[in-house]
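K.L.:
File follows, query.cif with mmCIF, C-alpha atoms and all ligand atoms:
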data_my_file
loop_
_atom_site.label_atom_id
_atom_site.label_comp_id
_atom_site.auth_asym_id
_atom_site.auth_seq_id
_atom_site.Cartn_x
_atom_site.Cartn_y
_atom_site.Cartn_z
CA MET A 297 22.32 -8.37 -1.65
CA ILE A 298 23.04 -4.83 -0.45
CA ASP A 299 23.56 -4.17 3.27
CA VAL A 300 21.65 -1.57 5.27
CA VAL A 301 23.50 -0.77 8.49
CA LEU A 302 21.63 0.64 11.48
CA ALA A 303 22.90 3.47 13.65
CA PRO A 304 24.17 2.45 17.10
CA GLY A 305 21.30 1.69 19.48
CA ARG A 306 18.66 1.81 16.73
CA ASP A 307 18.13 -1.96 16.47
CA ARG A 308 15.46 -2.35 19.13
CA SER A 309 12.39 -2.34 16.93
CA VAL A 310 13.89 -4.78 14.40
CA ARG A 311 14.93 -7.12 17.20
CA ARG A 312 11.35 -6.96 18.46
CA ARG A 313 10.30 -8.20 15.01
CA HIS A 314 8.59 -5.01 13.91
CA PRO A 315 8.26 -5.18 10.10
CA TRP A 316 9.05 -1.51 9.43
CA LEU A 317 12.43 0.17 9.34
CA LEU A 318 12.42 3.97 9.23
CA SER A 319 15.14 5.92 7.47
CA GLY A 320 16.08 7.72 10.69
CA SER A 321 17.44 4.46 12.16
CA ILE A 322 19.85 3.87 9.30
CA ALA A 323 23.54 4.84 9.50
CA ARG A 324 24.48 3.86 5.95
CA VAL A 325 23.53 1.82 2.92
CA GLU A 326 26.44 -0.07 1.36
CA GLY A 327 25.64 0.59 -2.28
CA VAL A 328 22.64 1.80 -4.26
CA PRO A 329 19.78 -0.70 -4.05
CA GLU A 330 17.13 -0.46 -6.74
CA ALA A 331 13.57 0.37 -5.75
CA GLY A 332 12.06 -2.75 -4.22
CA ALA A 333 15.32 -4.73 -4.06
CA TRP A 334 16.00 -7.20 -1.25
CA VAL A 335 18.39 -5.77 1.32
CA ARG A 336 20.07 -7.26 4.37
CA VAL A 337 19.71 -5.33 7.62
CA LEU A 338 22.68 -5.24 10.03
CA SER A 339 23.12 -3.81 13.49
CA ALA A 340 25.87 -1.21 14.02
CA GLU A 341 27.99 -4.10 15.36
CA GLY A 342 27.52 -6.07 12.12
CA GLU A 343 24.99 -8.66 13.29
CA VAL A 344 22.50 -9.70 10.59
CA LEU A 345 19.02 -8.81 11.89
CA GLY A 346 16.80 -9.52 8.92
CA HIS A 347 15.93 -9.04 5.25
CA GLY A 348 13.44 -6.84 3.53
CA HIS A 349 12.36 -4.78 0.51
CA TYR A 350 13.95 -1.36 0.08
CA THR A 351 12.22 1.85 -1.00
CA PRO A 352 14.75 4.59 -1.79
CA GLY A 353 13.97 8.02 -0.43
CA ALA A 354 10.97 6.94 1.68
CA SER A 355 10.68 7.40 5.40
CA LEU A 356 9.46 3.80 5.74
CA CYS A 357 12.44 2.60 3.74
CA VAL A 358 12.66 -1.13 4.53
CA ARG A 359 9.78 -3.56 4.97
CA LEU A 360 11.13 -6.64 6.69
CA PHE A 361 10.08 -10.13 5.63
CA THR A 362 12.48 -12.14 7.78
CA HIS A 363 14.08 -11.59 11.15
CA GLY A 364 17.42 -13.20 12.04
CA LYS A 365 20.30 -14.45 9.91
CA GLU A 366 18.50 -16.63 7.44
CA ALA A 367 18.19 -15.14 3.95
CA PRO A 368 14.77 -15.25 2.24
CA THR A 369 14.28 -18.18 -0.10
CA GLU A 370 13.50 -17.67 -3.80
CA ASP A 371 9.97 -18.90 -3.09
CA LEU A 372 9.28 -16.89 0.09
CA ILE A 373 6.55 -14.57 -1.20
CA ALA A 374 4.74 -17.26 -3.20
CA ALA A 375 4.89 -19.65 -0.23
CA ARG A 376 3.43 -17.02 2.11
CA ILE A 377 0.67 -16.28 -0.39
CA ARG A 378 -0.16 -20.00 -0.57
CA GLY A 379 -0.22 -20.19 3.22
CA ALA A 380 -2.48 -17.15 3.58
CA VAL A 381 -4.93 -18.40 0.95
CA GLN A 382 -5.06 -21.89 2.50
CA CYS A 383 -5.71 -20.39 5.90
CA ARG A 384 -8.86 -18.71 4.60
CA ALA A 385 -9.97 -21.81 2.71
CA ARG A 386 -9.82 -23.88 5.90
CA ASP A 387 -11.44 -21.30 8.20
CA PRO A 388 -14.93 -22.37 9.29
CA LEU A 389 -15.84 -18.73 9.99
CA LEU A 390 -15.40 -17.97 6.29
CA ALA A 391 -17.25 -21.01 4.95
CA ASP A 392 -20.43 -19.11 4.18
CA THR A 393 -19.07 -16.47 1.84
CA ASP A 394 -17.23 -16.20 -1.47
CA ALA A 395 -15.77 -12.77 -0.63
CA VAL A 396 -12.73 -12.77 1.65
CA ARG A 397 -9.46 -10.94 2.08
CA LEU A 398 -6.84 -13.47 0.95
CA VAL A 399 -3.77 -11.43 1.85
CA ASN A 400 -3.71 -8.74 4.53
CA ALA A 401 -0.25 -7.19 4.14
CA GLU A 402 1.77 -7.21 7.39
CA GLY A 403 -0.98 -9.32 9.00
CA ASP A 404 0.09 -12.16 6.70
CA ALA A 405 3.82 -11.30 6.76
CA LEU A 406 3.43 -9.86 3.25
CA PRO A 407 3.93 -6.10 3.71
CA GLY A 408 2.97 -4.13 0.61
CA LEU A 409 0.32 -6.56 -0.63
CA VAL A 410 -3.44 -6.71 -0.24
CA ALA A 411 -5.58 -9.20 -2.15
CA ASP A 412 -9.35 -9.55 -1.86
CA ARG A 413 -11.37 -12.31 -3.46
CA TYR A 414 -14.79 -11.34 -4.80
CA ALA A 415 -16.31 -14.57 -6.17
CA GLU A 416 -14.48 -15.15 -9.49
CA VAL A 417 -12.13 -12.18 -9.17
CA VAL A 418 -9.07 -11.50 -7.01
CA VAL A 419 -8.51 -7.75 -6.62
CA VAL A 420 -4.90 -6.87 -5.84
CA LYS A 421 -3.34 -3.70 -4.44
CA PHE A 422 0.39 -3.17 -4.34
CA THR A 423 1.36 -0.64 -1.69
CA SER A 424 5.15 -0.93 -1.76
CA ALA A 425 7.83 -0.65 -4.44
CA GLY A 426 9.02 -4.14 -3.48
CA MET A 427 5.70 -5.84 -4.11
CA ALA A 428 4.93 -3.77 -7.23
CA ALA A 429 8.29 -4.84 -8.69
CA ARG A 430 7.18 -8.50 -8.30
CA ARG A 431 3.74 -8.08 -9.86
CA GLY A 432 4.04 -11.01 -12.27
CA GLU A 433 5.32 -13.46 -9.70
CA ILE A 434 2.64 -12.36 -7.22
CA ALA A 435 -0.16 -12.59 -9.78
CA ASN A 436 0.94 -16.16 -10.63
CA ALA A 437 1.06 -17.16 -6.99
CA LEU A 438 -2.40 -15.68 -6.31
CA ARG A 439 -3.86 -17.30 -9.43
CA GLU A 440 -2.48 -20.74 -8.55
CA ALA A 441 -3.32 -20.58 -4.85
CA SER A 442 -6.86 -19.24 -5.27
CA GLY A 443 -7.87 -20.94 -8.51
CA ALA A 444 -9.80 -17.76 -9.31
CA PRO A 445 -10.49 -17.23 -13.02
CA ALA A 446 -9.62 -13.51 -12.93
CA GLY A 447 -7.20 -11.12 -11.26
CA PHE A 448 -7.46 -7.34 -11.31
CA GLU A 449 -5.02 -4.68 -10.09
CA ARG A 450 -6.29 -1.54 -8.39
CA ALA A 451 -4.10 1.54 -8.09
CA ASP A 452 -3.29 2.68 -4.57
CA ARG A 453 -2.33 6.14 -3.34
CA ALA A 454 0.89 4.56 -2.03
CA ALA A 455 2.26 4.27 -5.57
CA ARG A 456 3.26 7.92 -5.60
CA SER A 457 5.17 7.97 -2.31
CA GLU A 458 6.72 4.58 -3.08
CA GLY A 459 7.79 5.78 -6.52
CA PHE A 460 6.27 3.04 -8.69
CA ARG A 461 3.73 3.16 -11.48
CA ALA A 462 0.44 1.45 -10.63
CA GLN A 463 -0.91 -0.58 -13.55
CA PRO A 464 -4.63 -0.78 -12.87
CA GLY A 465 -6.33 -3.42 -14.99
CA ILE A 466 -6.49 -7.12 -15.65
CA LEU A 467 -3.70 -9.28 -14.19
CA TRP A 468 -5.09 -12.53 -15.59
CA GLY A 469 -8.38 -13.78 -17.08
CA ALA A 470 -11.27 -11.38 -17.68
CA LEU A 471 -13.79 -9.61 -15.45
CA PRO A 472 -17.21 -11.28 -15.35
CA GLU A 473 -19.89 -9.46 -17.38
CA PRO A 474 -21.99 -7.54 -16.59
CA ALA A 475 -21.00 -7.36 -12.92
CA VAL A 476 -19.34 -9.07 -9.97
CA TRP A 477 -21.78 -10.45 -7.38
CA ILE A 478 -20.69 -11.83 -4.02
CA ARG A 479 -22.48 -13.88 -1.42
CA GLU A 480 -22.35 -13.46 2.37
CA GLY A 481 -24.61 -15.98 4.04
CA ALA A 482 -28.02 -15.14 2.61
CA ARG A 483 -26.93 -11.68 1.47
CA ARG A 484 -25.83 -10.84 -2.07
CA TYR A 485 -23.95 -7.74 -3.10
CA CYS A 486 -22.91 -6.28 -6.42
CA VAL A 487 -19.31 -5.03 -6.22
CA ASP A 488 -17.65 -2.53 -8.52
CA VAL A 489 -14.13 -3.94 -8.43
CA SER A 490 -12.67 -1.41 -10.84
CA ARG A 491 -14.00 1.84 -9.34
CA GLY A 492 -15.46 1.06 -5.90
CA GLN A 493 -13.84 2.19 -2.67
CA LYS A 494 -10.93 0.20 -1.23
CA THR A 495 -10.96 -2.86 -3.52
CA GLY A 496 -14.70 -2.48 -4.10
CA PHE A 497 -16.39 -3.44 -0.84
CA TYR A 498 -15.88 -3.25 2.93
CA LEU A 499 -15.02 -6.89 3.61
CA ASP A 500 -13.79 -5.82 7.04
CA GLN A 501 -17.37 -5.13 8.18
CA ARG A 502 -18.66 -8.67 7.53
CA ASP A 503 -18.99 -9.56 11.24
CA ALA A 504 -20.69 -6.25 11.94
CA ARG A 505 -23.12 -6.88 9.07
CA ASP A 506 -24.01 -10.24 10.63
CA LEU A 507 -24.59 -8.46 13.93
CA VAL A 508 -26.81 -5.85 12.29
CA GLN A 509 -28.80 -8.56 10.56
CA SER A 510 -29.45 -10.26 13.92
CA LEU A 511 -30.44 -7.00 15.61
CA ALA A 512 -32.65 -5.46 12.95
CA ARG A 513 -35.98 -7.24 13.26
CA GLY A 514 -38.73 -4.64 13.32
CA ALA A 515 -36.24 -1.78 13.69
CA ARG A 516 -36.24 1.59 11.98
CA VAL A 517 -32.65 1.67 10.76
CA LEU A 518 -30.50 4.69 9.87
CA ASP A 519 -27.36 3.83 7.87
CA LEU A 520 -24.99 6.81 7.93
CA PHE A 521 -22.10 6.75 5.42
CA ALA A 522 -24.00 3.93 3.76
CA TYR A 523 -21.74 3.48 0.68
CA THR A 524 -23.24 0.58 -1.35
CA GLY A 525 -25.62 -0.44 1.39
CA GLY A 526 -23.59 -3.16 3.15
CA PHE A 527 -25.35 -2.55 6.46
CA SER A 528 -28.72 -1.59 4.99
CA VAL A 529 -28.96 -4.86 3.10
CA ALA A 530 -28.07 -6.76 6.30
CA ALA A 531 -30.74 -4.84 8.21
CA ALA A 532 -33.32 -5.41 5.49
CA CYS A 533 -32.48 -9.15 5.39
CA GLY A 534 -32.87 -9.22 9.17
CA GLY A 535 -36.43 -7.89 8.94
CA ALA A 536 -35.96 -4.14 9.52
CA ALA A 537 -39.15 -2.08 9.40
CA GLY A 538 -37.34 0.38 7.12
CA VAL A 539 -33.89 1.67 6.24
CA THR A 540 -32.72 5.22 5.61
CA LEU A 541 -29.40 5.54 3.80
CA VAL A 542 -27.27 8.68 3.86
CA ASP A 543 -24.15 9.15 1.74
CA SER A 544 -22.61 11.96 -0.25
CA SER A 545 -21.86 9.77 -3.27
CA ALA A 546 -24.58 9.34 -5.90
CA ALA A 547 -22.77 6.36 -7.44
CA ALA A 548 -22.58 4.58 -4.08
CA LEU A 549 -26.29 5.17 -3.39
CA GLU A 550 -27.18 3.90 -6.85
CA MET A 551 -25.31 0.66 -6.17
CA ALA A 552 -26.98 0.45 -2.74
CA ARG A 553 -30.33 0.64 -4.51
CA VAL A 554 -29.34 -2.30 -6.75
CA ASN A 555 -28.23 -4.27 -3.69
CA LEU A 556 -31.39 -3.62 -1.68
CA GLU A 557 -33.53 -4.47 -4.69
CA ALA A 558 -31.68 -7.81 -5.09
CA ASN A 559 -32.04 -8.77 -1.42
CA ALA A 560 -35.15 -7.27 0.09
CA PRO A 561 -37.22 -5.42 -2.52
CA ASP A 562 -40.10 -5.02 -0.08
CA CYS A 563 -38.18 -3.28 2.68
CA GLY A 564 -39.16 0.38 2.85
CA SER A 565 -36.16 2.56 2.15
CA ALA A 566 -35.32 6.24 1.99
CA TRP A 567 -32.30 7.62 0.16
CA VAL A 568 -30.52 10.76 1.11
CA ARG A 569 -27.63 12.14 -0.87
CA ALA A 570 -26.10 14.60 1.56
CA ASP A 571 -23.22 15.42 3.82
CA VAL A 572 -23.96 13.34 6.92
CA PHE A 573 -22.93 16.09 9.33
CA ASP A 574 -25.15 18.69 7.63
CA TRP A 575 -28.05 16.30 7.32
CA LEU A 576 -27.89 15.19 10.95
CA ARG A 577 -27.99 18.77 12.19
CA SER A 578 -31.43 19.27 10.67
CA ALA A 579 -32.78 15.70 10.55
CA GLU A 580 -35.91 14.74 12.40
CA GLY A 581 -37.48 11.48 13.49
CA LEU A 582 -36.17 8.66 15.63
CA PHE A 583 -34.56 5.37 14.75
CA ASP A 584 -34.08 2.12 16.65
CA LEU A 585 -30.69 1.28 15.17
CA VAL A 586 -28.26 3.90 13.90
CA ILE A 587 -25.05 2.85 12.12
CA VAL A 588 -22.24 5.40 11.93
CA ASP A 589 -19.38 4.20 9.71
CA PRO A 590 -17.43 7.22 8.46
CA PRO A 591 -14.35 7.10 6.20
CA PRO A 592 -10.95 7.18 7.96
CA LEU A 593 -10.89 10.64 9.51
CA ALA A 594 -7.38 10.33 10.98
CA ARG A 595 -4.75 9.17 8.51
CA THR A 596 -1.84 10.45 10.60
CA ARG A 597 -1.26 11.16 14.27
CA ARG A 598 -1.58 14.89 13.59
CA ASP A 599 -5.19 14.39 12.43
CA VAL A 600 -6.26 12.80 15.72
CA PRO A 601 -7.70 15.80 17.61
CA ARG A 602 -9.72 17.00 14.61
CA ALA A 603 -10.85 13.44 13.81
CA ALA A 604 -11.87 12.78 17.40
CA ARG A 605 -14.08 15.89 17.27
CA ALA A 606 -15.66 14.73 14.01
CA TYR A 607 -16.34 11.23 15.39
CA LYS A 608 -17.79 12.82 18.49
CA ASP A 609 -20.11 15.04 16.46
CA ALA A 610 -21.26 12.11 14.37
CA LEU A 611 -22.03 10.01 17.47
CA LEU A 612 -23.62 12.94 19.26
CA PHE A 613 -26.03 13.67 16.42
CA ALA A 614 -26.63 9.95 15.94
CA LEU A 615 -27.60 9.61 19.62
CA ARG A 616 -30.07 12.46 19.20
CA ARG A 617 -31.79 10.49 16.45
CA THR A 618 -31.87 7.27 18.51
CA ALA A 619 -35.13 6.21 20.14
CA PRO A 620 -35.04 5.46 23.88
CA GLY A 621 -33.56 1.98 24.28
CA GLY A 622 -32.30 2.10 20.70
CA LEU A 623 -28.86 1.10 19.47
CA VAL A 624 -25.96 3.00 17.94
CA LEU A 625 -23.26 1.06 16.14
CA GLY A 626 -20.30 3.41 15.64
CA PHE A 627 -16.96 2.78 13.94
CA ALA A 628 -13.56 4.38 13.73
CA CYS A 629 -11.30 2.97 11.05
CA SER A 630 -7.92 4.40 11.91
CA HIS A 631 -5.13 2.86 13.92
CA HIS A 632 -4.69 6.25 15.58
CA ILE A 633 -8.19 6.08 17.10
CA GLY A 634 -8.03 2.83 19.07
CA PRO A 635 -10.68 1.25 21.34
CA ASP A 636 -9.72 3.33 24.40
CA LEU A 637 -9.85 6.67 22.65
CA PHE A 638 -13.00 5.74 20.73
CA ARG A 639 -14.73 4.84 23.99
CA LYS A 640 -13.79 8.28 25.34
CA VAL A 641 -15.16 9.90 22.20
CA ALA A 642 -18.43 7.98 22.66
CA PHE A 643 -18.51 9.01 26.31
CA ALA A 644 -18.14 12.69 25.38
CA ALA A 645 -20.86 12.33 22.75
CA ALA A 646 -23.28 10.72 25.22
CA LEU A 647 -22.57 13.39 27.79
CA ASP A 648 -23.26 16.21 25.32
CA ALA A 649 -26.33 14.44 23.97
CA ARG A 650 -27.54 14.04 27.56
CA ARG A 651 -28.15 10.37 26.91
CA GLU A 652 -27.03 7.52 29.07
CA ALA A 653 -25.34 4.82 27.08
CA GLN A 654 -24.23 1.27 27.71
CA VAL A 655 -21.46 -0.43 25.79
CA LEU A 656 -22.82 -3.78 24.64
CA ARG A 657 -20.02 -4.91 22.34
CA VAL A 658 -16.58 -3.88 21.11
CA LEU A 659 -15.92 -4.99 17.56
CA GLY A 660 -12.87 -5.34 15.35
CA ALA A 661 -12.06 -6.70 11.93
CA PRO A 662 -12.97 -10.29 11.05
CA VAL A 663 -10.61 -13.29 10.81
CA ASP A 664 -9.60 -12.71 7.21
CA HIS A 665 -8.04 -9.38 8.32
CA PRO A 666 -5.49 -10.77 10.78
CA CYS A 667 -3.15 -8.38 12.52
CA SER A 668 0.36 -9.54 13.35
CA ILE A 669 1.13 -9.33 17.06
CA ASP A 670 4.45 -7.70 16.00
CA HIS A 671 2.65 -4.91 14.15
CA PRO A 672 0.03 -3.16 16.29
CA GLU A 673 -0.41 -0.52 13.56
CA GLY A 674 -2.30 -3.19 11.61
CA ALA A 675 -5.27 -2.97 13.99
CA TYR A 676 -7.30 -0.11 12.53
CA LEU A 677 -10.97 -0.92 13.00
CA THR A 678 -12.90 -0.36 16.22
CA GLY A 679 -16.63 -0.69 16.55
CA LEU A 680 -18.79 0.09 19.58
CA LEU A 681 -22.34 -1.10 19.98
CA LEU A 682 -24.11 1.26 22.36
CA ARG A 683 -27.58 1.14 23.83
CA ALA A 684 -28.90 4.63 24.40
N1 LIG B 701 -20.63 1.68 5.78
C1 LIG B 701 -20.09 1.37 4.47
C2 LIG B 701 -18.71 1.93 4.25
C3 LIG B 701 -18.59 3.41 4.46
S1 LIG B 701 -17.27 4.10 3.58
C4 LIG B 701 -20.07 -0.13 4.26
O1 LIG B 701 -20.08 -0.87 5.24
O2 LIG B 701 -20.01 -0.56 3.11
C5 LIG B 701 -17.54 5.78 3.79
C6 LIG B 701 -18.68 6.34 2.93
O3 LIG B 701 -18.89 7.65 3.42
C7 LIG B 701 -18.38 6.48 1.46
O4 LIG B 701 -19.43 5.90 0.72
C8 LIG B 701 -18.37 8.01 1.19
O5 LIG B 701 -19.00 8.34 -0.02
C9 LIG B 701 -19.17 8.52 2.34
N2 LIG B 701 -18.83 9.85 2.85
C10 LIG B 701 -17.62 10.35 3.17
N3 LIG B 701 -17.74 11.56 3.77
C11 LIG B 701 -19.08 11.81 3.83
C12 LIG B 701 -19.85 12.88 4.36
N4 LIG B 701 -19.26 13.92 4.95
N5 LIG B 701 -21.18 12.80 4.26
C13 LIG B 701 -21.78 11.75 3.66
N6 LIG B 701 -21.10 10.69 3.18
C14 LIG B 701 -19.77 10.73 3.26
#
Can the structure in the file be given as structure tokens, please?
P.N.:
Amino acid sequence: MIDVVLAPGRDRSVRRRHPWLLSGSIARVEGVPEAGAWVRVLSAEGEVLGHGHYTPGASLCVRLFTHGKEAPTEDLIAARIRGAVQCRARDPLLADTDAVRLVNAEGDALPGLVADRYAEVVVVKFTSAGMAARRGEIANALREASGAPAGFERADRAARSEGFRAQPGILWGALPEPAVWIREGARRYCVDVSRGQKTGFYLDQRDARDLVQSLARGARVLDLFAYTGGFSVAAACGGAAGVTLVDSSAAALEMARVNLEANAPDCGSAWVRADVFDWLRSAEGLFDLVIVDPPPLARTRRDVPRAARAYKDALLFALRRTAPGGLVLGFACSHHIGPDLFRKVAFAAALDARREAQVLRVLGAPVDHPCSIDHPEGAYLTGLLLRA
């Protein structure tokens, strides 16, 4: 195994068990490790600090799997996959669904790997050279641990910066025909695992969907950034008086229509294909529950000021469309916009909208999206339930 030696004084984050090593901390690499190879990380004084996967030329150049002297076993990745899958299988909070995140990257001590189970299919994303180089081994481990009849790889934007070739397509078995359907309590959703966003569906909003379902009775619901209708279906199942869905993607709205039809064909619904910001500026009418779930607007720290303004605008216009006493459920899905900042954004929106608002709940991702205490960057989802 090739050694990566840190510069003097640059060992603090590794000693604190952070899973990422940035190239700026490295003094030298004793050899030329292949993309994705195991490397051993040493302090400037020669103490072994851990082991990880190497990505040549990247700023995040080592993802650590172990901390301390002990070298990783042959079976380390497969064993962690088994552990992560068993954890979900035993979790009472996940008993009522067949769609769960089985592996959540750093959150499960498996940096570079995400795997989501949608009924019969496990959808896999490799986001590091190290994990992509072990595709076969990982597919076997996921197949054995989950017992799922099919596995499917989705390409991720990380492939380019990590320098590997994504191989989207079947990993094992075959995709169910004509479609993949999942179950969440009483709700059913059709999921496009090969072309849908993320791995096909927003599993991370399951708890929020349950909340919406419990809050929706009799409500006029506005679902902004509706995608395939995750929240609208929950609202309709919860007895909403009507749902209005706004999204810029025709394909997403079409799937949302299929989902609403399958769950609550009698719920009145309106479909708007538009830019949410444009639509909100000219929209009329009031709603009792407004959901604002935009895509990640801040991917890097530099994006934060612009993103905060966009979140503020979205919440501001949403508040204007909220009936007195009505609810706004707003989300930010970026680690860079945490609960404190998002609360400030909501405060600024309420001030500009001249609405008083109460914070009723702060939400995060559900239990199948664990975040390692060593890796705060893994916490990316914040939700605020406001009463206006
Ligand atoms: N709330 C959804 C997930 C939203 S994902 C769920 O729980 O399933 C973000 C969605 O916003 C995507 O469907 C994308 O098509 C849409 N989108 C992104 N920018 C938009 C914009 N400016 N106006 C309207 N829709 C937008």
K.L.:
Got a sec to check which residues lie within 8 Å of ligand LIG 701 (chain B), using all atoms listed in the file, and send them as a ChimeraX atom specification?
P.N.:
/A:493,497-498,501,505,519-527,542-545,548,569-574,587-592
K.L.:
Near Val586 in chain A, within 9 Å and counting all atoms listed in the file, which residues show up once chain neighbours fewer than 3 positions away are dropped, as number ranges by chain?
P.N.:
A: 516-520, 583, 614-615, 617-618, 622-626
K.L.:
Please provide as a list of chain:residue names all residues within 12 Å of Leu612 in chain A, with the sequence filter that same-chain residues fewer than 4 positions apart are discarded (counting only C-alpha atoms).
P.N.:
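Near neighbours after the sequence-gap exclusion: A:Phe573, A:Leu576, A:Arg577, A:Val586, A:Val588, A:Ala604, A:Arg605, A:Ala606, A:Tyr607, A:Lys608, A:Arg616, A:Arg617, A:Thr618, A:Val624, A:Gly626, A:Val641, A:Ala642, A:Phe643, A:Ala644, A:Ala645, A:Ala646, A:Leu647, A:Asp648, A:Ala649, A:Arg650, A:Arg651, A:Glu652, A:Ala653, A:Ala684.
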K.L.:
One decimal, in Å: what's the spacing between CA of Ala454 in chain A and CA of Gly348 in chain A?
P.N.:
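Value for the CA of Ala454 in chain A-CA of Gly348 in chain A distance: 17.8 Å.
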K.L.:
Quote the spacing between CA of Thr393 in chain A and CA of Ala415 in chain A in Å to one decimal place.
P.N.:
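About the pair CA of Thr393 in chain A and CA of Ala415 in chain A: they are 8.7 Å apart.
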K.L.:
Residues within 12 Å of Ile669 in chain A, please, as a PyMOL selection string. Count all atoms listed in the file; anything in the same chain fewer than 5 positions from it doesn't count.
P.N.:
chain A and resi 312-315+402-405+674-675
K.L.:
Which residue, A:Asp500, A:Asp664, A:Glu440, A:Glu557, has the smallest gap to Ala375 in chain A when you use only C-alpha atoms?
P.N.:
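Smallest separation from Ala375 in chain A among the options: A:Glu440.
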K.L.:
Please put the answer as JSON: centre and edge lengths, in Å with one decimal, of a box along x, y and z that encloses all listed atoms of range 574-586 of chain A plus 8 Å on each side.
P.N.:
{"center_x": -31.3, "center_y": 10.3, "center_z": 12.0, "size_x": 28.3, "size_y": 34.0, "size_z": 25.3}
K.L.:
Quick one: pull the distance between CA of Ile298 in chain A and CA of Ala333 in chain A, Å, one decimal.
P.N.:
8.5 Å
K.L.:
Skip His665 in chain A itself and residues of its chain fewer than 5 positions away, then list as a PyMOL selection string all residues within 12 Å of it, counting only C-alpha atoms.
P.N.:
chain A and resi 380+383-384+390+396-404+410-412+498-503+660+674-677
K.L.:
Give me the residues within 10 Å of Val489 in chain A as number ranges by chain, counting only C-alpha atoms and dropping any in the same chain fewer than 2 places off.
P.N.:
A: 412, 414, 417-419, 448-450, 471, 475-476, 486-487, 491-497
K.L.:
What are the closest atom pairs, with distances in Å to one decimal, for each residue of range 413-468 of chain A lying within 9 Å of range 350-354 of chain A, using only C-alpha atoms, rows by chain and rising residue number, as CSV?
P.N.:
residue,atom,partner,partner_atom,distance
A:Ser424,CA,A:Thr351,CA,7.6
A:Ala425,CA,A:Thr351,CA,6.1
A:Gly426,CA,A:Tyr350,CA,6.7
A:Ser457,CA,A:Ala354,CA,7.1
A:Glu458,CA,A:Thr351,CA,6.5
A:Gly459,CA,A:Thr351,CA,8.1
K.L.:
Which one of A:Leu406, A:Gly432, A:Cys667, A:Ala619 sits closest to Glu580 in chain A if you count all atoms listed in the file?
P.N.:
A:Ala619
K.L.:
Counting only C-alpha atoms, I want the residues whose atoms come within 12 Å of (4.0, -19.5, -1.7) in the file frame, returned as a PDB file with C-alpha atoms, keeping the file's coordinate frame.
P.N.:
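Just written: result_25.pdb:
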ATOM      1  CA  THR A 369      14.280 -18.180  -0.100  1.00  0.00           C
ATOM      2  CA  GLU A 370      13.500 -17.670  -3.800  1.00  0.00           C
ATOM      3  CA  ASP A 371       9.970 -18.900  -3.090  1.00  0.00           C
ATOM      4  CA  LEU A 372       9.280 -16.890   0.090  1.00  0.00           C
ATOM      5  CA  ILE A 373       6.550 -14.570  -1.200  1.00  0.00           C
ATOM      6  CA  ALA A 374       4.740 -17.260  -3.200  1.00  0.00           C
ATOM      7  CA  ALA A 375       4.890 -19.650  -0.230  1.00  0.00           C
ATOM      8  CA  ARG A 376       3.430 -17.020   2.110  1.00  0.00           C
ATOM      9  CA  ILE A 377       0.670 -16.280  -0.390  1.00  0.00           C
ATOM     10  CA  ARG A 378      -0.160 -20.000  -0.570  1.00  0.00           C
ATOM     11  CA  GLY A 379      -0.220 -20.190   3.220  1.00  0.00           C
ATOM     12  CA  ALA A 380      -2.480 -17.150   3.580  1.00  0.00           C
ATOM     13  CA  VAL A 381      -4.930 -18.400   0.950  1.00  0.00           C
ATOM     14  CA  GLN A 382      -5.060 -21.890   2.500  1.00  0.00           C
ATOM     15  CA  VAL A 399      -3.770 -11.430   1.850  1.00  0.00           C
ATOM     16  CA  ASP A 404       0.090 -12.160   6.700  1.00  0.00           C
ATOM     17  CA  ALA A 405       3.820 -11.300   6.760  1.00  0.00           C
ATOM     18  CA  LEU A 406       3.430  -9.860   3.250  1.00  0.00           C
ATOM     19  CA  GLU A 433       5.320 -13.460  -9.700  1.00  0.00           C
ATOM     20  CA  ILE A 434       2.640 -12.360  -7.220  1.00  0.00           C
ATOM     21  CA  ALA A 435      -0.160 -12.590  -9.780  1.00  0.00           C
ATOM     22  CA  ASN A 436       0.940 -16.160 -10.630  1.00  0.00           C
ATOM     23  CA  ALA A 437       1.060 -17.160  -6.990  1.00  0.00           C
ATOM     24  CA  LEU A 438      -2.400 -15.680  -6.310  1.00  0.00           C
ATOM     25  CA  ARG A 439      -3.860 -17.300  -9.430  1.00  0.00           C
ATOM     26  CA  GLU A 440      -2.480 -20.740  -8.550  1.00  0.00           C
ATOM     27  CA  ALA A 441      -3.320 -20.580  -4.850  1.00  0.00           C
ATOM     28  CA  SER A 442      -6.860 -19.240  -5.270  1.00  0.00           C
TER      29      SER A 442
END
K.L.:
Let me make sure I understand: among A:Gln654, A:Ala303, A:Ala628, A:Ser578, which one has the smallest atom-to-atom distance to Arg595 in chain A if we use all atoms listed in the file?
P.N.:
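Closest to Arg595 in chain A of all the choices is A:Ala628.
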K.L.:
With distances taken over only C-alpha atoms, which of A:His347, A:His363, A:Arg430, A:Arg311 is nearest to Gly332 in chain A?
P.N.:
A:Arg430
K.L.:
Between A:Arg453, A:His632, A:Lys421, A:His671, which is the closest to Leu467 in chain A once you count only C-alpha atoms?
P.N.:
A:Lys421
K.L.:
Find the residue from A:Arg683, A:Lys640, A:Arg657, A:Arg336 that sits nearest to Leu507 in chain A; use only C-alpha atoms when measuring.
P.N.:
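Closest to Leu507 in chain A of all the choices is A:Arg657.
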K.L.:
Just give me the residues with any atom within 12 Å of (-42.5, -3.2, -0.4), file coordinates, counting all atoms listed in the file, written as a PyMOL selection string.
P.N.:
chain A and resi 532+536-539+556-557+559-565
